[in-house]
Amino acid sequence: PAPVSPPRPGGPPFPQHPAPASAGLPVPPPPPTAPSAPVRLSKVTLTKAAPSVSLAKQGGTSGALRVNLNWQVRKQLPGWGGRRGGADSLDLDLCALYELADGRKGVVQALGNAFGSVNRPPYIHLDGDDRTGAVSSGENLTVNLDHKQDFRRILVFVTIYQGATSFADLHATVTLQPQHGAPVDFSLDECTVPSTVCALALLTNTGGDLVVQREARYLVPERGVSPQRTVDRAYGWGMNWTPGRK
């Protein structure tokens with residue numbers, strides 16, 4: 001406490017109060033921070049050097065994943081045209097082998113009208129059958145990512161149903177477009193073997209995330225062996241196959 005001042009003549013002393021503790025100026029609240037800009041995901045193109053990517057990193061954690069195959073014939077070569085004549089009759093089929101977490105296996109394809117379903121097992125659906133390559137959207141598979149925990153693996157492949165004896169001189173692009181994310185795409189290499197079936201991409205469940213692996217692998221069926229059985233053997237699916245038509 002401060003000392004008491006001497007009394008003024010003729011009056012009582014002034015009471016002396018201790019000085020208040022020093023207080024600085026009030027600190028203004030920090031200015032509100034601007035909301036952070038959303039993370040912009042960019043397209044990833046898979047190559048031989050960088051053949052795989054996580055769908056989660058592309059924003060593909062829910063909703064629908066569209067797998068698109070679009071192709072063009074560069075030029076007319078012997079062996080193109082098939083029984084309907086002309087390159088316009090080339091009929092490629094986009095297909096998917098699937099193995100679910102509970103062990104069930106199957107195929108989604110136009111052959112045999114096995115178009116699948118997006119809302120019930122196998123949670124994969126083929127939207128149609130482009131028999132000419134003239135449809136601007138190509139052929140599309142839809143994978144329901146809301147059920148990604150139900151998948152063990154999915155192999156997307158393409159077969160030549162009619163119109164050519166191999167994929168030679170065919171330019172094709174595969175695009176995987178998550179509903180809420182950025183696309184993943186890649187082109188097929190030049191085909192130099194008499195192949196009628198090509199494994200495009202393998203999607204594998206790794207801890208709840210689907211990892212996309214570029215395959216772009218041309219396979220040559222043995223004599224009398226179907227393209228579907230050929231790709232089954234190459235990837236160890238172990239299914240039984242019977243002839244089908246569409």
# chains A, B, ... in the order shown; residues from 1 in each chain; ligands from 1
call {"tool": "residues_around", "arguments": {"residues": "stretch 51-68 of chain A", "least_positions_apart": "6", "cutoff": "6 Å", "atoms": "only C-alpha atoms", "output": "VMD selection string"}}
result
chain A and resid 139 to 146 174 to 182 210 to 214
call {"tool": "residues_around", "arguments": {"residues": "A:Tyr161", "least_positions_apart": "6", "cutoff": "7 Å", "atoms": "only C-alpha atoms", "output": "PyMOL selection string"}}
result
chain A and resi 91-93
call {"tool": "write_last_selection", "arguments": {"atoms": "C-alpha atoms", "output": "PDB file, in the first residue's frame"}}
result
ATOM      1  CA  ASP A  91     -18.671 -54.608 -82.170  1.00  0.00           C
ATOM      2  CA  LEU A  92     -16.624 -54.322 -78.971  1.00  0.00           C
ATOM      3  CA  ASP A  93     -18.081 -55.389 -75.631  1.00  0.00           C
TER       4      ASP A  93
END
call {"tool": "residues_around", "arguments": {"residues": "stretch 231-246 of chain A", "least_positions_apart": "5", "cutoff": "9 Å", "atoms": "only C-alpha atoms", "output": "number ranges by chain"}}
result
A: 97-99, 105-106, 110-113, 155, 157, 197-199, 219, 221, 226
call {"tool": "closest_residue", "arguments": {"among": "A:Leu203, A:Pro194, A:Val156, A:Gly128", "to": "A:Arg223", "atoms": "only C-alpha atoms"}}
result
A:Pro194
